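What follows is my_file-v5.csv (CSV, C-alpha atoms).
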```csv
chain,number,residue,atom,x,y,z
A,1,MET,CA,34.6,-7.6,-38.5
A,2,LEU,CA,32.9,-5.0,-40.7
A,3,ARG,CA,34.6,-1.6,-40.7
A,4,PRO,CA,32.5,1.6,-40.9
A,5,PRO,CA,33.8,4.4,-43.1
A,6,GLN,CA,33.7,6.7,-40.1
A,7,ILE,CA,33.1,6.4,-36.4
A,8,ILE,CA,31.7,9.7,-35.0
A,9,ALA,CA,31.4,10.2,-31.3
A,10,ILE,CA,29.3,12.7,-29.5
A,11,GLY,CA,30.6,14.2,-26.3
A,12,ALA,CA,28.6,15.7,-23.4
A,13,ASN,CA,25.2,14.6,-24.8
A,14,TYR,CA,23.7,13.9,-21.4
A,15,ALA,CA,23.4,16.7,-18.9
A,16,ALA,CA,24.2,14.5,-15.9
A,17,HIS,CA,27.5,13.3,-17.6
A,18,SER,CA,28.5,16.8,-18.5
A,19,ASP,CA,27.9,17.9,-14.9
A,20,GLU,CA,29.8,15.0,-13.3
A,21,LEU,CA,32.9,15.6,-15.6
A,22,LYS,CA,32.6,19.4,-15.2
A,23,LEU,CA,32.4,19.9,-18.9
A,24,ARG,CA,31.2,23.3,-20.2
A,25,THR,CA,28.1,23.6,-22.3
A,26,GLU,CA,28.8,24.4,-25.9
A,27,ALA,CA,26.5,26.0,-28.4
A,28,GLY,CA,27.1,23.2,-30.8
A,29,ALA,CA,27.5,19.5,-30.3
A,30,ILE,CA,30.9,18.2,-29.2
A,31,LEU,CA,32.2,15.9,-31.9
A,32,PHE,CA,35.3,13.7,-32.3
A,33,SER,CA,36.4,10.7,-34.4
A,34,LEU,CA,37.2,7.3,-33.0
A,35,TRP,CA,40.0,5.6,-34.9
A,36,PRO,CA,39.2,2.3,-36.7
A,37,ASN,CA,41.7,0.2,-34.6
A,38,SER,CA,39.5,0.9,-31.5
A,39,LEU,CA,36.6,-1.2,-32.9
A,40,THR,CA,36.1,-4.6,-31.4
A,41,GLY,CA,33.2,-7.0,-30.7
A,42,HIS,CA,31.2,-8.7,-28.0
A,43,GLY,CA,33.1,-10.9,-25.6
A,44,SER,CA,36.5,-9.4,-26.6
A,45,THR,CA,39.4,-8.8,-24.2
A,46,VAL,CA,40.7,-5.3,-24.2
A,47,THR,CA,44.3,-4.6,-23.1
A,48,TRP,CA,46.2,-1.5,-22.2
A,49,ALA,CA,49.4,-0.4,-20.7
A,50,SER,CA,48.7,0.6,-17.1
A,51,ASP,CA,51.5,3.1,-17.0
A,52,ILE,CA,50.0,5.0,-19.9
A,53,ALA,CA,46.3,4.7,-19.2
A,54,THR,CA,46.0,5.1,-15.4
A,55,GLN,CA,42.3,5.9,-15.2
A,56,VAL,CA,40.3,3.8,-17.6
A,57,ASP,CA,36.5,4.3,-17.6
A,58,TYR,CA,33.4,2.8,-19.1
A,59,GLU,CA,30.6,4.7,-21.0
A,60,ALA,CA,27.3,3.1,-22.1
A,61,GLU,CA,26.2,4.5,-25.5
A,62,LEU,CA,23.5,3.9,-28.1
A,63,GLY,CA,25.2,3.3,-31.5
A,64,VAL,CA,23.4,4.6,-34.7
A,65,ILE,CA,24.3,3.1,-38.1
A,66,ILE,CA,23.6,5.2,-41.2
A,67,GLY,CA,21.8,3.3,-44.0
A,68,ARG,CA,22.1,5.6,-47.0
A,69,PRO,CA,23.9,8.8,-47.8
A,70,ALA,CA,22.7,11.7,-45.7
A,71,ARG,CA,23.3,15.3,-46.7
A,72,ASN,CA,21.4,18.3,-45.5
A,73,VAL,CA,18.6,16.2,-44.0
A,74,SER,CA,16.0,17.7,-41.8
A,75,VAL,CA,15.3,16.6,-38.2
A,76,ARG,CA,11.9,15.4,-39.4
A,77,ASP,CA,13.4,13.1,-42.0
A,78,ALA,CA,16.6,12.2,-40.3
A,79,LEU,CA,15.6,8.8,-38.9
A,80,ASP,CA,14.7,7.7,-42.5
A,81,TYR,CA,18.5,7.6,-43.1
A,82,VAL,CA,19.2,5.3,-40.1
A,83,PHE,CA,19.8,1.6,-40.9
A,84,GLY,CA,19.7,0.4,-37.3
A,85,TYR,CA,20.9,0.6,-33.7
A,86,THR,CA,23.6,-1.2,-31.7
A,87,VAL,CA,25.4,-1.1,-28.3
A,88,VAL,CA,28.7,0.8,-27.8
A,89,ASN,CA,31.1,0.9,-24.8
A,90,ASP,CA,33.1,4.1,-25.3
A,91,ILE,CA,36.1,3.2,-23.1
A,92,THR,CA,38.1,6.2,-22.1
A,93,ALA,CA,41.5,6.9,-20.6
A,94,ARG,CA,40.5,9.8,-18.4
A,95,ASN,CA,44.0,10.8,-17.4
A,96,LEU,CA,44.7,11.4,-21.1
A,97,GLN,CA,41.3,13.0,-21.8
A,98,PHE,CA,41.9,15.8,-19.3
A,99,SER,CA,45.5,16.4,-20.2
A,100,GLU,CA,45.0,16.9,-24.0
A,101,ALA,CA,43.1,19.3,-26.2
A,102,GLN,CA,41.3,16.5,-28.2
A,103,TRP,CA,39.5,13.4,-27.2
A,104,SER,CA,40.3,11.0,-30.0
A,105,ARG,CA,43.5,9.4,-28.6
A,106,CYS,CA,42.2,8.7,-25.1
A,107,LYS,CA,39.3,6.8,-26.6
A,108,SER,CA,41.0,5.1,-29.5
A,109,PHE,CA,43.4,2.6,-27.9
A,110,ASP,CA,43.2,-0.8,-29.6
A,111,GLY,CA,39.8,-2.2,-28.7
A,112,PHE,CA,38.5,0.8,-26.8
A,113,THR,CA,35.3,0.9,-28.8
A,114,PRO,CA,33.5,-2.5,-28.2
A,115,THR,CA,30.4,-2.6,-30.4
A,116,GLY,CA,27.5,-5.0,-31.0
A,117,PRO,CA,26.9,-7.9,-30.9
A,118,VAL,CA,23.8,-7.2,-33.1
A,119,VAL,CA,22.3,-4.4,-35.1
A,120,VAL,CA,18.6,-4.0,-34.6
A,121,THR,CA,17.0,-2.4,-37.7
A,122,ARG,CA,15.2,0.9,-37.5
A,123,ASP,CA,11.8,-0.5,-38.1
A,124,GLU,CA,12.1,-2.6,-34.9
A,125,ILE,CA,12.6,0.5,-32.7
A,126,ALA,CA,9.8,3.0,-33.0
A,127,ASP,CA,11.5,5.6,-30.8
A,128,PRO,CA,15.2,5.7,-30.2
A,129,GLN,CA,14.6,8.2,-27.4
A,130,ASP,CA,12.8,5.6,-25.3
A,131,LEU,CA,15.5,3.1,-24.6
A,132,GLY,CA,17.0,2.2,-21.2
A,133,LEU,CA,20.8,2.0,-20.9
A,134,THR,CA,22.7,0.2,-18.0
A,135,THR,CA,26.3,-0.6,-17.2
A,136,HIS,CA,27.4,-3.3,-14.9
A,137,VAL,CA,31.1,-3.5,-13.8
A,138,ASP,CA,32.0,-6.7,-12.1
A,139,GLY,CA,28.3,-7.3,-11.4
A,140,ARG,CA,27.7,-3.8,-9.9
A,141,ILE,CA,25.4,-1.5,-11.6
A,142,MET,CA,27.1,1.8,-12.4
A,143,GLN,CA,24.9,3.5,-15.0
A,144,ASP,CA,21.1,3.4,-15.3
A,145,ALA,CA,19.5,5.9,-17.6
A,146,SER,CA,17.3,6.5,-20.6
A,147,THR,CA,18.1,7.8,-24.1
A,148,GLY,CA,15.3,10.2,-23.4
A,149,ASP,CA,17.8,12.1,-21.4
A,150,MET,CA,19.9,13.0,-24.4
A,151,VAL,CA,20.6,16.8,-24.9
A,152,ARG,CA,20.3,16.2,-28.7
A,153,THR,CA,18.2,13.4,-30.0
A,154,VAL,CA,19.3,10.9,-32.6
A,155,ALA,CA,17.3,12.7,-35.3
A,156,GLU,CA,18.9,16.0,-34.3
A,157,LEU,CA,22.4,14.5,-34.3
A,158,VAL,CA,22.0,13.0,-37.8
A,159,SER,CA,20.6,16.2,-39.2
A,160,TYR,CA,23.3,18.3,-37.5
A,161,LEU,CA,26.1,16.1,-38.8
A,162,SER,CA,24.7,16.1,-42.3
A,163,GLN,CA,24.7,19.8,-42.7
A,164,THR,CA,28.5,20.0,-43.2
A,165,SER,CA,29.4,16.6,-44.7
A,166,THR,CA,27.7,13.6,-46.2
A,167,LEU,CA,27.2,10.7,-43.8
A,168,LEU,CA,28.1,7.6,-45.7
A,169,PRO,CA,26.3,4.2,-45.4
A,170,GLY,CA,27.8,2.2,-42.6
A,171,THR,CA,28.9,5.3,-40.6
A,172,LEU,CA,28.7,4.6,-36.9
A,173,ILE,CA,27.6,7.4,-34.6
A,174,SER,CA,28.1,6.9,-30.9
A,175,THR,CA,25.6,9.2,-29.3
A,176,GLY,CA,27.0,10.0,-25.9
A,177,SER,CA,26.9,8.5,-22.4
A,178,PRO,CA,24.7,9.2,-19.4
A,179,GLY,CA,25.8,10.0,-15.9
A,180,GLY,CA,27.4,7.4,-13.6
A,181,ALA,CA,31.0,7.4,-15.0
A,182,GLY,CA,33.6,5.9,-12.7
A,183,TYR,CA,35.7,9.0,-12.8
A,184,SER,CA,33.1,11.0,-11.0
A,185,ARG,CA,32.5,8.6,-8.1
A,186,THR,CA,33.8,8.9,-4.6
A,187,PRO,CA,36.1,7.0,-4.5
A,188,PRO,CA,36.5,6.7,-8.3
A,189,VAL,CA,35.8,3.4,-9.9
A,190,PHE,CA,38.1,2.6,-12.8
A,191,LEU,CA,38.5,-0.5,-14.9
A,192,HIS,CA,41.4,-2.7,-13.9
A,193,ASP,CA,43.0,-6.0,-14.8
A,194,GLY,CA,40.3,-8.6,-14.7
A,195,SER,CA,37.3,-6.2,-14.9
A,196,THR,CA,34.3,-7.3,-16.8
A,197,VAL,CA,31.9,-4.7,-18.2
A,198,THR,CA,28.4,-5.4,-19.5
A,199,ILE,CA,26.4,-2.7,-21.2
A,200,THR,CA,22.7,-3.3,-22.0
A,201,VAL,CA,20.4,-1.2,-24.2
A,202,ASP,CA,16.7,-2.0,-24.2
A,203,LYS,CA,15.4,-3.8,-27.3
A,204,ILE,CA,18.9,-4.4,-28.6
A,205,GLY,CA,20.8,-6.6,-26.1
A,206,PHE,CA,24.0,-6.6,-24.1
A,207,LEU,CA,27.6,-6.2,-24.9
A,208,THR,CA,30.3,-7.7,-22.6
A,209,THR,CA,34.0,-6.7,-22.5
A,210,HIS,CA,36.8,-8.2,-20.5
A,211,CYS,CA,39.8,-6.1,-19.4
A,212,ARG,CA,43.5,-6.9,-19.0
A,213,THR,CA,46.4,-4.6,-18.2
A,214,LEU,CA,49.9,-4.9,-19.5
```
Here is the file; what I need is its structure written in the form of structure tokens.
Amino acid sequence: MLRPPQIIAIGANYAAHSDELKLRTEAGAILFSLWPNSLTGHGSTVTWASDIATQVDYEAELGVIIGRPARNVSVRDALDYVFGYTVVNDITARNLQFSEAQWSRCKSFDGFTPTGPVVVTRDEIADPQDLGLTTHVDGRIMQDASTGDMVRTVAELVSYLSQTSTLLPGTLISTGSPGGAGYSRTPPVFLHDGSTVTITVDKIGFLTTHCRTL
């Protein structure tokens, strides 16, 4: 599997998701890194210790892959630096997320960033803000939204990130998840031993992940 030089995740980039998790609105984008061991592919089986991660959640996200070094790029030109787009499932241990001051560990268990299975090049997607995202957990639809609901667009995110550091080719940006998280449901819907998650992004395809607990 190819390894990106950096995996950058964006938090609270959909208003509905921010509201359901009761996250405060920040003046700047919420950023965190996902560790490389978290990356896995389509059809993989993700495992975790159920006594450590007690509330494991799914998050459908559009993945953006940088194609050439981006530094101080404008919003107008930002998409010219994108190589292509893919599907990401930003799996999250919510019990850790809300007990720690950072979000990297709760989202960086081995295999917690399923990605793929394909990359659709930028020229095939005229507008990354016009893509539907859905999540099915064990056949039940849990998320159904559009990238048009993003607080910050893909172009705005690439420009924003490039103002302080160079985005290297191959960098993966996970652009945030819409509403419908399992944590916010009544009763909550968490992933468990035997769960299957399928995330679909229009014009790209679907990504399936199987779950097992230890």
Between CA of Leu79 (chain A) and CA of Gly11 (chain A) - distance in Å to one decimal: 20.3 Å
Selection near Thr135 (chain A), 12 Å with all atoms listed in the file, sequence-local residues under 6 positions removed, as a ChimeraX atom specification: /A:57-61,87-90,141-146,177-182,196-202,206-209
Cut-off 10 Å: closest region 40-147 of chain A/region 154-158 of chain A atom pairs per residue, using all atoms listed in the file, as a Markdown table:
```
| residue | atom | partner | partner_atom | distance |
| --- | --- | --- | --- | --- |
| A:Leu62 | CA | A:Val154 | CA | 9.3 |
| A:Gly63 | CA | A:Val154 | CA | 9.7 |
| A:Val64 | CA | A:Val154 | CA | 7.8 |
| A:Ile66 | CA | A:Val158 | CA | 8.7 |
| A:Ala70 | CA | A:Val158 | CA | 8.0 |
| A:Arg71 | CA | A:Val158 | CA | 9.3 |
| A:Asn72 | CA | A:Val158 | CA | 9.4 |
| A:Val73 | CA | A:Val158 | CA | 7.8 |
| A:Ser74 | CA | A:Glu156 | CA | 8.2 |
| A:Val75 | CA | A:Ala155 | CA | 5.3 |
| A:Arg76 | CA | A:Ala155 | CA | 7.3 |
| A:Asp77 | CA | A:Ala155 | CA | 7.8 |
| A:Ala78 | CA | A:Ala155 | CA | 5.1 |
| A:Leu79 | CA | A:Ala155 | CA | 5.6 |
| A:Asp80 | CA | A:Ala155 | CA | 9.1 |
| A:Tyr81 | CA | A:Val158 | CA | 8.3 |
| A:Val82 | CA | A:Val158 | CA | 8.5 |
| A:Asp127 | CA | A:Val154 | CA | 9.6 |
| A:Pro128 | CA | A:Val154 | CA | 7.0 |
| A:Gln129 | CA | A:Val154 | CA | 7.5 |
| A:Thr147 | CA | A:Val154 | CA | 9.1 |
```
Minimum-distance residue to Arg3 (chain A), chosen among A:Ser50, A:Thr86, A:Ser159, A:Asn37 (using all atoms listed in the file): A:Asn37
Within 8 Å of file point (39.5, 9.1, -22.4), counting all atoms listed in the file, expressed as a count of residues only: 15
Distance in Å - CA of Ile10 (chain A) versus CA of Ala29 (chain A):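 Here the two named atoms are 7.1 Å from each other.
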Distance in Å - CA of Ser44 (chain A) versus CA of Gly176 (chain A):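 About the pair CA of Ser44 (chain A) and CA of Gly176 (chain A): they are 21.6 Å apart.
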Which centre and which edge lengths, in Å to one decimal, describe the axis-aligned box that holds all listed atoms of region 199-207 of chain A after 3 Å is added on each side, as AutoDock Vina command-line options?
```
--center_x 21.5 --center_y -3.9 --center_z -24.9 --size_x 18.2 --size_y 11.4 --size_z 13.4
```
Selection as JSON, numbers by chain: residues within 6 Å of (35.3, 12.7, -32.8), counting all atoms listed in the file: {"A": [8, 9, 31, 32, 33, 34, 104]}
Just to be explicit: take each residue in the selection above, keep C-alpha atoms, and write the result as a PDB file, keeping the file's coordinate frame.
```pdb
ATOM      1  CA  ILE A   8      31.700   9.700 -35.000  1.00  0.00           C
ATOM      2  CA  ALA A   9      31.400  10.200 -31.300  1.00  0.00           C
ATOM      3  CA  LEU A  31      32.200  15.900 -31.900  1.00  0.00           C
ATOM      4  CA  PHE A  32      35.300  13.700 -32.300  1.00  0.00           C
ATOM      5  CA  SER A  33      36.400  10.700 -34.400  1.00  0.00           C
ATOM      6  CA  LEU A  34      37.200   7.300 -33.000  1.00  0.00           C
ATOM      7  CA  SER A 104      40.300  11.000 -30.000  1.00  0.00           C
TER       8      SER A 104
END
```
Shell around Phe112 (chain A) at 6 Å using only C-alpha atoms, local window under 2 positions removed, as JSON, numbers by chain: {"A": [38, 91, 108, 109, 110]}
